[in-house]
>>> print(open('structure-v1.pdb').read())   # PDB, C-alpha atoms, pLDDT in the B column
ATOM      1  CA  MET A   1      -3.920 -22.973  26.553  1.00 63.00           C
ATOM      2  CA  THR A   2      -4.084 -21.414  23.078  1.00 73.00           C
ATOM      3  CA  ALA A   3      -0.754 -20.141  21.767  1.00 79.00           C
ATOM      4  CA  LEU A   4      -0.435 -16.927  19.783  1.00 82.00           C
ATOM      5  CA  VAL A   5       0.720 -18.851  16.714  1.00 84.00           C
ATOM      6  CA  ASP A   6      -2.471 -20.941  16.700  1.00 83.00           C
ATOM      7  CA  GLY A   7      -4.373 -17.985  15.265  1.00 85.00           C
ATOM      8  CA  TYR A   8      -2.319 -17.934  12.055  1.00 87.00           C
ATOM      9  CA  ASP A   9      -2.254 -20.218   9.024  1.00 90.00           C
ATOM     10  CA  LEU A  10       1.274 -19.221   7.999  1.00 92.00           C
ATOM     11  CA  VAL A  11       4.291 -17.754   9.755  1.00 93.00           C
ATOM     12  CA  ILE A  12       6.541 -15.534   7.611  1.00 94.00           C
ATOM     13  CA  LEU A  13       9.941 -15.027   9.168  1.00 95.00           C
ATOM     14  CA  ASP A  14      12.253 -12.148   8.325  1.00 94.00           C
ATOM     15  CA  LEU A  15      15.845 -13.363   8.247  1.00 95.00           C
ATOM     16  CA  ASP A  16      18.584 -10.720   8.583  1.00 92.00           C
ATOM     17  CA  GLY A  17      18.690  -9.576  12.185  1.00 91.00           C
ATOM     18  CA  VAL A  18      15.739 -11.804  13.166  1.00 94.00           C
ATOM     19  CA  VAL A  19      16.757 -15.413  12.464  1.00 96.00           C
ATOM     20  CA  TYR A  20      20.457 -14.781  11.871  1.00 95.00           C
ATOM     21  CA  LEU A  21      23.145 -12.120  11.871  1.00 91.00           C
ATOM     22  CA  ASP A  22      25.460 -12.778   8.944  1.00 87.00           C
ATOM     23  CA  THR A  23      26.554 -16.396   9.487  1.00 89.00           C
ATOM     24  CA  GLU A  24      25.443 -16.672  13.134  1.00 91.00           C
ATOM     25  CA  PRO A  25      21.940 -17.476  14.423  1.00 94.00           C
ATOM     26  CA  VAL A  26      20.128 -14.992  16.642  1.00 94.00           C
ATOM     27  CA  PRO A  27      19.949 -16.533  20.150  1.00 95.00           C
ATOM     28  CA  GLY A  28      16.834 -18.674  20.495  1.00 95.00           C
ATOM     29  CA  ALA A  29      15.841 -18.390  16.844  1.00 96.00           C
ATOM     30  CA  VAL A  30      16.773 -21.914  15.730  1.00 97.00           C
ATOM     31  CA  ASP A  31      14.903 -23.555  18.611  1.00 96.00           C
ATOM     32  CA  THR A  32      11.845 -21.376  18.043  1.00 94.00           C
ATOM     33  CA  VAL A  33      11.683 -22.110  14.311  1.00 96.00           C
ATOM     34  CA  ASN A  34      12.149 -25.818  14.887  1.00 96.00           C
ATOM     35  CA  ARG A  35       9.334 -25.856  17.439  1.00 94.00           C
ATOM     36  CA  LEU A  36       7.085 -24.381  14.749  1.00 94.00           C
ATOM     37  CA  HIS A  37       8.203 -27.192  12.440  1.00 92.00           C
ATOM     38  CA  GLU A  38       7.395 -29.754  15.113  1.00 93.00           C
ATOM     39  CA  ILE A  39       3.778 -28.583  15.433  1.00 92.00           C
ATOM     40  CA  GLY A  40       3.385 -28.569  11.644  1.00 92.00           C
ATOM     41  CA  LYS A  41       2.998 -24.812  11.196  1.00 93.00           C
ATOM     42  CA  PRO A  42       3.611 -23.735   7.574  1.00 94.00           C
ATOM     43  CA  LEU A  43       6.599 -21.400   7.315  1.00 94.00           C
ATOM     44  CA  ALA A  44       8.050 -19.000   4.787  1.00 95.00           C
ATOM     45  CA  TYR A  45      11.278 -17.004   4.991  1.00 96.00           C
ATOM     46  CA  ALA A  46      11.527 -13.484   3.594  1.00 95.00           C
ATOM     47  CA  THR A  47      14.607 -11.388   2.980  1.00 94.00           C
ATOM     48  CA  ASN A  48      15.257  -8.101   1.226  1.00 90.00           C
ATOM     49  CA  ASN A  49      18.986  -8.828   1.198  1.00 92.00           C
ATOM     50  CA  ALA A  50      19.586  -9.182  -2.536  1.00 95.00           C
ATOM     51  CA  ALA A  51      23.004 -10.828  -2.306  1.00 94.00           C
ATOM     52  CA  ARG A  52      21.923 -14.490  -2.502  1.00 94.00           C
ATOM     53  CA  ARG A  53      19.559 -16.748  -4.443  1.00 95.00           C
ATOM     54  CA  PRO A  54      16.827 -18.735  -2.638  1.00 96.00           C
ATOM     55  CA  GLU A  55      18.888 -21.933  -2.864  1.00 96.00           C
ATOM     56  CA  GLU A  56      21.798 -20.247  -1.083  1.00 96.00           C
ATOM     57  CA  VAL A  57      19.552 -18.817   1.630  1.00 97.00           C
ATOM     58  CA  ALA A  58      17.978 -22.231   2.227  1.00 97.00           C
ATOM     59  CA  ALA A  59      21.424 -23.847   2.433  1.00 97.00           C
ATOM     60  CA  HIS A  60      22.456 -21.287   5.049  1.00 97.00           C
ATOM     61  CA  LEU A  61      19.368 -22.074   7.150  1.00 97.00           C
ATOM     62  CA  VAL A  62      20.128 -25.795   6.924  1.00 97.00           C
ATOM     63  CA  GLN A  63      23.679 -25.117   8.131  1.00 96.00           C
ATOM     64  CA  LEU A  64      22.218 -23.331  11.146  1.00 96.00           C
ATOM     65  CA  GLY A  65      20.034 -26.345  11.924  1.00 96.00           C
ATOM     66  CA  ILE A  66      16.758 -25.181  10.383  1.00 96.00           C
ATOM     67  CA  PRO A  67      15.242 -27.438   7.704  1.00 95.00           C
ATOM     68  CA  ALA A  68      14.396 -25.241   4.716  1.00 95.00           C
ATOM     69  CA  THR A  69      13.975 -25.516   0.965  1.00 95.00           C
ATOM     70  CA  ALA A  70      14.342 -22.935  -1.781  1.00 96.00           C
ATOM     71  CA  ASP A  71      10.610 -22.818  -2.447  1.00 94.00           C
ATOM     72  CA  GLU A  72      10.067 -21.551   1.108  1.00 95.00           C
ATOM     73  CA  ILE A  73      12.313 -18.530   0.502  1.00 96.00           C
ATOM     74  CA  VAL A  74      11.001 -15.202  -0.811  1.00 95.00           C
ATOM     75  CA  THR A  75      13.688 -12.690  -1.809  1.00 95.00           C
ATOM     76  CA  SER A  76      13.740  -9.083  -2.935  1.00 94.00           C
ATOM     77  CA  PRO A  77      15.499  -9.993  -6.231  1.00 95.00           C
ATOM     78  CA  GLN A  78      12.487 -12.168  -7.064  1.00 95.00           C
ATOM     79  CA  ALA A  79      10.146  -9.257  -6.360  1.00 94.00           C
ATOM     80  CA  ALA A  80      12.273  -6.784  -8.312  1.00 95.00           C
ATOM     81  CA  ALA A  81      12.527  -9.088 -11.339  1.00 96.00           C
ATOM     82  CA  ALA A  82       8.767  -9.694 -11.309  1.00 95.00           C
ATOM     83  CA  LEU A  83       8.117  -5.947 -11.173  1.00 95.00           C
ATOM     84  CA  LEU A  84      10.474  -5.316 -14.091  1.00 96.00           C
ATOM     85  CA  ALA A  85       8.892  -8.107 -16.133  1.00 96.00           C
ATOM     86  CA  GLU A  86       5.486  -6.491 -15.636  1.00 95.00           C
ATOM     87  CA  ARG A  87       6.678  -3.105 -16.868  1.00 95.00           C
ATOM     88  CA  LEU A  88       9.143  -3.920 -19.639  1.00 97.00           C
ATOM     89  CA  PRO A  89       8.904  -5.870 -22.913  1.00 97.00           C
ATOM     90  CA  ALA A  90      10.522  -9.308 -22.861  1.00 97.00           C
ATOM     91  CA  GLY A  91      14.229  -9.183 -23.682  1.00 98.00           C
ATOM     92  CA  SER A  92      14.673  -5.579 -22.502  1.00 98.00           C
ATOM     93  CA  ALA A  93      18.142  -4.681 -21.248  1.00 98.00           C
ATOM     94  CA  VAL A  94      18.367  -4.086 -17.496  1.00 98.00           C
ATOM     95  CA  LEU A  95      21.490  -2.665 -15.877  1.00 98.00           C
ATOM     96  CA  VAL A  96      22.151  -4.727 -12.737  1.00 98.00           C
ATOM     97  CA  VAL A  97      23.847  -3.115  -9.741  1.00 97.00           C
ATOM     98  CA  GLY A  98      24.369  -5.968  -7.299  1.00 96.00           C
ATOM     99  CA  THR A  99      25.349  -9.620  -7.252  1.00 96.00           C
ATOM    100  CA  ASP A 100      25.047 -12.514  -9.678  1.00 95.00           C
ATOM    101  CA  ALA A 101      21.967 -13.581  -7.698  1.00 95.00           C
ATOM    102  CA  LEU A 102      20.148 -10.417  -8.749  1.00 97.00           C
ATOM    103  CA  ALA A 103      21.301 -10.779 -12.360  1.00 97.00           C
ATOM    104  CA  ALA A 104      20.087 -14.386 -12.406  1.00 96.00           C
ATOM    105  CA  GLU A 105      16.606 -13.384 -11.280  1.00 97.00           C
ATOM    106  CA  VAL A 106      16.491 -10.681 -13.961  1.00 98.00           C
ATOM    107  CA  ALA A 107      17.500 -13.201 -16.623  1.00 98.00           C
ATOM    108  CA  GLY A 108      14.981 -15.702 -15.276  1.00 97.00           C
ATOM    109  CA  ALA A 109      12.232 -13.124 -15.750  1.00 97.00           C
ATOM    110  CA  GLY A 110      12.982 -12.965 -19.489  1.00 98.00           C
ATOM    111  CA  LEU A 111      15.074  -9.787 -19.396  1.00 98.00           C
ATOM    112  CA  LYS A 112      18.693  -9.152 -20.403  1.00 98.00           C
ATOM    113  CA  PRO A 113      21.151  -8.236 -17.621  1.00 98.00           C
ATOM    114  CA  VAL A 114      23.792  -5.698 -18.685  1.00 98.00           C
ATOM    115  CA  SER A 115      26.514  -3.815 -16.821  1.00 96.00           C
ATOM    116  CA  SER A 116      26.985  -0.618 -18.812  1.00 97.00           C
ATOM    117  CA  ALA A 117      24.852   2.437 -19.492  1.00 96.00           C
ATOM    118  CA  ASP A 118      26.228   2.264 -23.053  1.00 97.00           C
ATOM    119  CA  ASP A 119      23.936  -0.762 -23.554  1.00 97.00           C
ATOM    120  CA  ARG A 120      21.003   1.693 -23.324  1.00 96.00           C
ATOM    121  CA  PRO A 121      19.145  -0.249 -20.625  1.00 97.00           C
ATOM    122  CA  ALA A 122      15.425   0.268 -20.241  1.00 97.00           C
ATOM    123  CA  ALA A 123      15.819  -0.029 -16.468  1.00 96.00           C
ATOM    124  CA  VAL A 124      18.319  -0.111 -13.626  1.00 96.00           C
ATOM    125  CA  VAL A 125      17.834  -2.587 -10.780  1.00 96.00           C
ATOM    126  CA  GLN A 126      19.841  -1.919  -7.649  1.00 95.00           C
ATOM    127  CA  GLY A 127      20.328  -4.391  -4.786  1.00 96.00           C
ATOM    128  CA  TYR A 128      22.776  -4.890  -1.954  1.00 95.00           C
ATOM    129  CA  GLY A 129      26.059  -6.483  -2.943  1.00 94.00           C
ATOM    130  CA  PRO A 130      29.209  -6.485  -0.792  1.00 92.00           C
ATOM    131  CA  ARG A 131      31.375  -5.766  -3.841  1.00 94.00           C
ATOM    132  CA  VAL A 132      29.287  -2.975  -5.383  1.00 95.00           C
ATOM    133  CA  GLY A 133      31.614  -0.051  -6.031  1.00 94.00           C
ATOM    134  CA  TRP A 134      31.892   3.380  -7.546  1.00 94.00           C
ATOM    135  CA  PRO A 135      32.064   2.171 -11.183  1.00 96.00           C
ATOM    136  CA  ASP A 136      28.769   0.282 -10.741  1.00 96.00           C
ATOM    137  CA  LEU A 137      27.047   3.294  -9.206  1.00 95.00           C
ATOM    138  CA  ALA A 138      28.435   5.578 -11.901  1.00 95.00           C
ATOM    139  CA  GLU A 139      26.937   3.413 -14.666  1.00 96.00           C
ATOM    140  CA  ALA A 140      23.613   3.385 -12.838  1.00 95.00           C
ATOM    141  CA  CYS A 141      23.634   7.179 -12.469  1.00 93.00           C
ATOM    142  CA  VAL A 142      24.269   7.642 -16.186  1.00 94.00           C
ATOM    143  CA  ALA A 143      21.468   5.231 -17.115  1.00 95.00           C
ATOM    144  CA  VAL A 144      18.959   6.727 -14.671  1.00 93.00           C
ATOM    145  CA  ARG A 145      19.798  10.245 -15.802  1.00 92.00           C
ATOM    146  CA  GLY A 146      19.157   9.048 -19.360  1.00 92.00           C
ATOM    147  CA  GLY A 147      15.601   8.038 -18.459  1.00 92.00           C
ATOM    148  CA  ALA A 148      15.891   4.385 -17.405  1.00 95.00           C
ATOM    149  CA  LEU A 149      13.313   3.052 -14.964  1.00 95.00           C
ATOM    150  CA  TRP A 150      15.036   2.746 -11.585  1.00 94.00           C
ATOM    151  CA  VAL A 151      14.078  -0.113  -9.234  1.00 94.00           C
ATOM    152  CA  ALA A 152      15.688  -0.753  -5.845  1.00 94.00           C
ATOM    153  CA  THR A 153      15.217  -4.058  -4.052  1.00 94.00           C
ATOM    154  CA  ASN A 154      14.879  -2.119  -0.801  1.00 91.00           C
ATOM    155  CA  ALA A 155      15.850   1.195   0.719  1.00 90.00           C
ATOM    156  CA  ASP A 156      17.094   0.195   4.178  1.00 90.00           C
ATOM    157  CA  ARG A 157      20.068   2.381   4.957  1.00 91.00           C
ATOM    158  CA  THR A 158      21.635  -0.208   7.270  1.00 91.00           C
ATOM    159  CA  LEU A 159      22.236  -3.953   7.263  1.00 89.00           C
ATOM    160  CA  PRO A 160      22.406  -5.767  10.634  1.00 88.00           C
ATOM    161  CA  SER A 161      25.603  -7.632  11.449  1.00 86.00           C
ATOM    162  CA  PRO A 162      27.333  -9.112  14.516  1.00 87.00           C
ATOM    163  CA  ARG A 163      29.494  -5.951  14.554  1.00 89.00           C
ATOM    164  CA  GLY A 164      26.476  -3.647  14.518  1.00 91.00           C
ATOM    165  CA  PRO A 165      24.663  -1.879  11.656  1.00 92.00           C
ATOM    166  CA  LEU A 166      26.597  -1.678   8.380  1.00 92.00           C
ATOM    167  CA  PRO A 167      25.735   0.293   5.201  1.00 92.00           C
ATOM    168  CA  GLY A 168      22.747  -1.290   3.459  1.00 93.00           C
ATOM    169  CA  ASN A 169      21.226  -0.936   0.022  1.00 93.00           C
ATOM    170  CA  GLY A 170      19.603   2.353   0.973  1.00 92.00           C
ATOM    171  CA  ALA A 171      23.044   3.886   1.408  1.00 92.00           C
ATOM    172  CA  LEU A 172      23.879   2.834  -2.159  1.00 91.00           C
ATOM    173  CA  VAL A 173      20.518   4.132  -3.398  1.00 92.00           C
ATOM    174  CA  ALA A 174      21.326   7.479  -1.794  1.00 90.00           C
ATOM    175  CA  ALA A 175      24.664   7.556  -3.609  1.00 87.00           C
ATOM    176  CA  CYS A 176      23.008   6.767  -6.916  1.00 83.00           C
ATOM    177  CA  SER A 177      20.336   9.423  -6.363  1.00 77.00           C
ATOM    178  CA  SER A 178      23.037  11.991  -7.131  1.00 60.00           C
ATOM    179  CA  GLY A 179      22.318  11.098 -10.744  1.00 53.00           C
ATOM    180  CA  ARG A 180      18.899  12.757 -10.469  1.00 54.00           C
ATOM    181  CA  ARG A 181      18.481  16.350  -9.476  1.00 41.00           C
ATOM    182  CA  SER A 182      15.379  15.691  -7.364  1.00 36.00           C
ATOM    183  CA  GLY A 183      16.359  12.375  -5.790  1.00 39.00           C
ATOM    184  CA  PRO A 184      14.508   9.064  -6.081  1.00 38.00           C
ATOM    185  CA  ALA A 185      11.279   9.984  -4.306  1.00 33.00           C
ATOM    186  CA  ARG A 186      10.541  12.918  -6.606  1.00 32.00           C
ATOM    187  CA  GLY A 187      12.699  12.229  -9.603  1.00 34.00           C
ATOM    188  CA  GLY A 188      10.108  10.465 -11.749  1.00 37.00           C
ATOM    189  CA  ARG A 189      10.550   6.832 -12.634  1.00 48.00           C
ATOM    190  CA  TRP A 190      11.511   5.369  -9.280  1.00 45.00           C
ATOM    191  CA  SER A 191      10.178   2.110  -7.877  1.00 48.00           C
ATOM    192  CA  SER A 192      10.992   0.207  -4.714  1.00 48.00           C
ATOM    193  CA  ALA A 193      10.164  -3.413  -5.339  1.00 48.00           C
ATOM    194  CA  THR A 194       9.831  -4.676  -1.801  1.00 44.00           C
ATOM    195  CA  GLY A 195      11.151  -4.141   1.629  1.00 36.00           C
ATOM    196  CA  TRP A 196       9.332  -4.639   4.879  1.00 33.00           C
ATOM    197  CA  THR A 197      11.665  -4.940   7.808  1.00 32.00           C
ATOM    198  CA  PRO A 198      11.445  -3.568  11.360  1.00 32.00           C
ATOM    199  CA  THR A 199      14.262  -1.142  10.487  1.00 33.00           C
ATOM    200  CA  SER A 200      12.899   0.090   7.162  1.00 33.00           C
ATOM    201  CA  THR A 201      13.800   3.716   6.471  1.00 36.00           C
ATOM    202  CA  ALA A 202      12.322   3.988   3.001  1.00 36.00           C
ATOM    203  CA  PRO A 203      11.002   7.373   1.809  1.00 36.00           C
ATOM    204  CA  GLY A 204       7.470   6.253   2.682  1.00 37.00           C
ATOM    205  CA  GLY A 205       8.422   5.411   6.267  1.00 35.00           C
ATOM    206  CA  PRO A 206       8.522   2.078   8.093  1.00 35.00           C
ATOM    207  CA  GLY A 207       6.613  -0.851   6.634  1.00 33.00           C
ATOM    208  CA  TRP A 208       5.979  -1.681   2.989  1.00 32.00           C
ATOM    209  CA  THR A 209       7.939   0.775   0.899  1.00 32.00           C
ATOM    210  CA  ALA A 210       6.068   3.094  -1.404  1.00 30.00           C
ATOM    211  CA  CYS A 211       6.309   3.006  -5.184  1.00 31.00           C
ATOM    212  CA  TRP A 212       6.912   6.033  -7.389  1.00 30.00           C
ATOM    213  CA  CYS A 213       6.543   5.403 -11.111  1.00 26.00           C
TER     214      CYS A 213
END
>>> encode(input="structure-v1.pdb", output="structure tokens")
Amino acid sequence: MTALVDGYDLVILDLDGVVYLDTEPVPGAVDTVNRLHEIGKPLAYATNNAARRPEEVAAHLVQLGIPATADEIVTSPQAAAALLAERLPAGSAVLVVGTDALAAEVAGAGLKPVSSADDRPAAVVQGYGPRVGWPDLAEACVAVRGGALWVATNADRTLPSPRGPLPGNGALVAACSSGRRSGPARGGRWSSATGWTPTSTAPGGPGWTACWC
């Protein structure tokens, strides 16, 4: 009997809420992924959670019992940094709202991570970070209002967790949109770098998020 997976050359697995919830695996996910490994099916893992670098995501999967390497991981910080590198001159200042993982990807793309609007950043990149607070959002609002290109790693309003949905990056994007009179979708230089998940609530609707530039 032909299995559904036999019709595909590559399986791309979403992570948050699909393979794991925070530190815990989704029931049945580890066994399913390992069966795919056993039959030799190429795998990739995608996440729009911007809090961790590929090496950290791979290490988490290994802890859960899934063999994975960093080069199999595709993250939204990678996509956001690549988008910024395409649109900005090398060495441009980028105000980072998020974790060190996001800042590292920005630096790796040949750009200069900064934390203050006083640094006159050419762009703001905004990704989920559990310690993002009001001062970070305030700096982003000032920079965006001053004309900086504004890129969000994703616009999902919620993040799945074992305790139920928690505020996601989209909630922080909504807070930062107070810096623009029209909001991100109509305010001019807004880009969403990535973000397909089953729960996507981006301005363009479910699926791949739209891009306003």
>>> closest_residue(input="structure-v1.pdb", among="A:Ala70, A:Val96, A:Leu102, A:Leu13", to="A:Ser115", atoms="all atoms listed in the file")
A:Val96
>>> residues_around(input="structure-v1.pdb", residues="stretch 165-171 of chain A", least_positions_apart="6", cutoff="8 Å", atoms="all atoms listed in the file", output="list in words")
Gln126, Gly127, Tyr128, Gly129, Thr153, Asn154, Ala155, Asp156, Arg157, Thr158, Leu159 and Ala202 of chain A
>>> resolve_selection(input="structure-v1.pdb", expression="the PyMOL selection byres ((chain A and resi 35-38) around 12)", output="number ranges by chain")
A: 3-6, 8-13, 28-34, 39-44, 65-68
>>> residues_near_point(input="structure-v1.pdb", point="(21.0, -13.9, -2.1)", cutoff="12 Å", atoms="only C-alpha atoms", output="MDAnalysis selection string")
chainID A and resid 15:16 22 46:60 70 73:78 98:105 127:130 153
>>> closest_residue(input="structure-v1.pdb", among="A:Leu172, A:Leu64, A:Thr2, A:Leu137", to="A:Tyr20", atoms="all atoms listed in the file")
A:Leu64
>>> resolve_selection(input="structure-v1.pdb", expression="the PyMOL selection byres ((chain A and resi 114) around 8)", output="list in words")
Ala93, Val94, Leu95, Val96, Lys112, Pro113, Ser115, Ser116, Asp119 and Pro121 of chain A
>>> write_last_selection(input="structure-v1.pdb", atoms="C-alpha atoms", output="compact mmCIF listing (two decimals), keeping the file's coordinate frame")
# COMPACT_ATOMS: atom_id res chain seq x y z
CA ALA A 93 18.14 -4.68 -21.25
CA VAL A 94 18.37 -4.09 -17.50
CA LEU A 95 21.49 -2.66 -15.88
CA VAL A 96 22.15 -4.73 -12.74
CA LYS A 112 18.69 -9.15 -20.40
CA PRO A 113 21.15 -8.24 -17.62
CA SER A 115 26.51 -3.82 -16.82
CA SER A 116 26.98 -0.62 -18.81
CA ASP A 119 23.94 -0.76 -23.55
CA PRO A 121 19.14 -0.25 -20.62
>>> atom_distance(input="structure-v1.pdb", atom1="atom CA of A:Ala175", atom2="atom CA of A:Val142")
12.6 Å
>>> resolve_selection(input="structure-v1.pdb", expression="the PyMOL selection byres ((chain A and resi 176) around 8)", output="VMD selection string")
chain A and resid 137 to 138 140 to 141 172 to 175 177 to 179
>>> residues_near_point(input="structure-v1.pdb", point="(12.4, 3.5, -18.5)", cutoff="9 Å", atoms="all atoms listed in the file", output="PyMOL selection string")
chain A and resi 87-88+121-124+144+146-150+189
>>> closest_residue(input="structure-v1.pdb", among="A:Val125, A:Val19, A:Val62, A:Val97", to="A:Ala82", atoms="all atoms listed in the file")
A:Val125
>>> closest_residue(input="structure-v1.pdb", among="A:Ala85, A:Gly108, A:Glu24, A:Ser92", to="A:Leu61", atoms="only C-alpha atoms")
A:Glu24
>>> atom_distance(input="structure-v1.pdb", atom1="atom CA of A:Gly17", atom2="atom CA of A:Arg163")
11.6 Å
>>> axis_aligned_box(input="structure-v1.pdb", around="stretch 74-80 of chain A", padding_each_side="5 Å", output="lines of an AutoDock Vina configuration file")
center_x = 12.8
center_y = -11.0
center_z = -4.6
size_x = 15.4
size_y = 18.4
size_z = 17.5
>>> atom_distance(input="structure-v1.pdb", atom1="atom CA of A:Leu21", atom2="atom CA of A:Ala152")
22.3 Å
>>> decode(input="structure-v1.pdb", residues="stretch 91-99 of chain A", atoms="all heavy atoms", output="PDB file, in the first residue's frame")
ATOM      1  N   GLY A  91      26.139  46.921   6.603  1.00  0.00           N
ATOM      2  CA  GLY A  91      26.534  47.740   7.740  1.00  0.00           C
ATOM      3  C   GLY A  91      25.452  48.656   8.272  1.00  0.00           C
ATOM      4  O   GLY A  91      25.685  49.372   9.249  1.00  0.00           O
ATOM      5  N   SER A  92      24.264  48.648   7.645  1.00  0.00           N
ATOM      6  CA  SER A  92      23.174  49.514   8.120  1.00  0.00           C
ATOM      7  C   SER A  92      22.764  49.133   9.537  1.00  0.00           C
ATOM      8  O   SER A  92      22.762  47.956   9.914  1.00  0.00           O
ATOM      9  CB  SER A  92      21.959  49.384   7.195  1.00  0.00           C
ATOM     10  OG  SER A  92      22.238  49.859   5.900  1.00  0.00           O
ATOM     11  N   ALA A  93      22.392  50.137  10.322  1.00  0.00           N
ATOM     12  CA  ALA A  93      21.915  49.896  11.681  1.00  0.00           C
ATOM     13  C   ALA A  93      20.486  49.371  11.645  1.00  0.00           C
ATOM     14  O   ALA A  93      19.633  49.895  10.920  1.00  0.00           O
ATOM     15  CB  ALA A  93      21.987  51.180  12.496  1.00  0.00           C
ATOM     16  N   VAL A  94      20.224  48.337  12.428  1.00  0.00           N
ATOM     17  CA  VAL A  94      18.891  47.748  12.533  1.00  0.00           C
ATOM     18  C   VAL A  94      18.532  47.638  14.011  1.00  0.00           C
ATOM     19  O   VAL A  94      19.260  47.002  14.790  1.00  0.00           O
ATOM     20  CB  VAL A  94      18.845  46.353  11.886  1.00  0.00           C
ATOM     21  CG1 VAL A  94      17.468  45.715  12.092  1.00  0.00           C
ATOM     22  CG2 VAL A  94      19.167  46.443  10.399  1.00  0.00           C
ATOM     23  N   LEU A  95      17.443  48.258  14.400  1.00  0.00           N
ATOM     24  CA  LEU A  95      16.979  48.177  15.780  1.00  0.00           C
ATOM     25  C   LEU A  95      16.300  46.830  15.979  1.00  0.00           C
ATOM     26  O   LEU A  95      15.334  46.509  15.280  1.00  0.00           O
ATOM     27  CB  LEU A  95      16.020  49.319  16.090  1.00  0.00           C
ATOM     28  CG  LEU A  95      15.733  49.593  17.574  1.00  0.00           C
ATOM     29  CD1 LEU A  95      15.287  51.029  17.773  1.00  0.00           C
ATOM     30  CD2 LEU A  95      14.678  48.647  18.132  1.00  0.00           C
ATOM     31  N   VAL A  96      16.807  46.036  16.915  1.00  0.00           N
ATOM     32  CA  VAL A  96      16.309  44.680  17.147  1.00  0.00           C
ATOM     33  C   VAL A  96      15.383  44.673  18.354  1.00  0.00           C
ATOM     34  O   VAL A  96      15.791  45.047  19.454  1.00  0.00           O
ATOM     35  CB  VAL A  96      17.469  43.692  17.359  1.00  0.00           C
ATOM     36  CG1 VAL A  96      16.925  42.303  17.686  1.00  0.00           C
ATOM     37  CG2 VAL A  96      18.351  43.643  16.121  1.00  0.00           C
ATOM     38  N   VAL A  97      14.146  44.256  18.141  1.00  0.00           N
ATOM     39  CA  VAL A  97      13.195  44.031  19.229  1.00  0.00           C
ATOM     40  C   VAL A  97      12.993  42.522  19.312  1.00  0.00           C
ATOM     41  O   VAL A  97      12.311  41.930  18.473  1.00  0.00           O
ATOM     42  CB  VAL A  97      11.866  44.744  18.968  1.00  0.00           C
ATOM     43  CG1 VAL A  97      10.882  44.467  20.114  1.00  0.00           C
ATOM     44  CG2 VAL A  97      12.080  46.236  18.805  1.00  0.00           C
ATOM     45  N   GLY A  98      13.626  41.889  20.289  1.00  0.00           N
ATOM     46  CA  GLY A  98      13.565  40.441  20.393  1.00  0.00           C
ATOM     47  C   GLY A  98      14.734  39.910  21.189  1.00  0.00           C
ATOM     48  O   GLY A  98      15.257  40.595  22.063  1.00  0.00           O
ATOM     49  N   THR A  99      15.172  38.715  20.867  1.00  0.00           N
ATOM     50  CA  THR A  99      16.208  38.039  21.635  1.00  0.00           C
ATOM     51  C   THR A  99      17.578  38.189  20.976  1.00  0.00           C
ATOM     52  O   THR A  99      17.710  38.700  19.867  1.00  0.00           O
ATOM     53  CB  THR A  99      15.890  36.543  21.760  1.00  0.00           C
ATOM     54  OG1 THR A  99      15.962  35.946  20.451  1.00  0.00           O
ATOM     55  CG2 THR A  99      14.498  36.319  22.338  1.00  0.00           C
TER      56      THR A  99
END
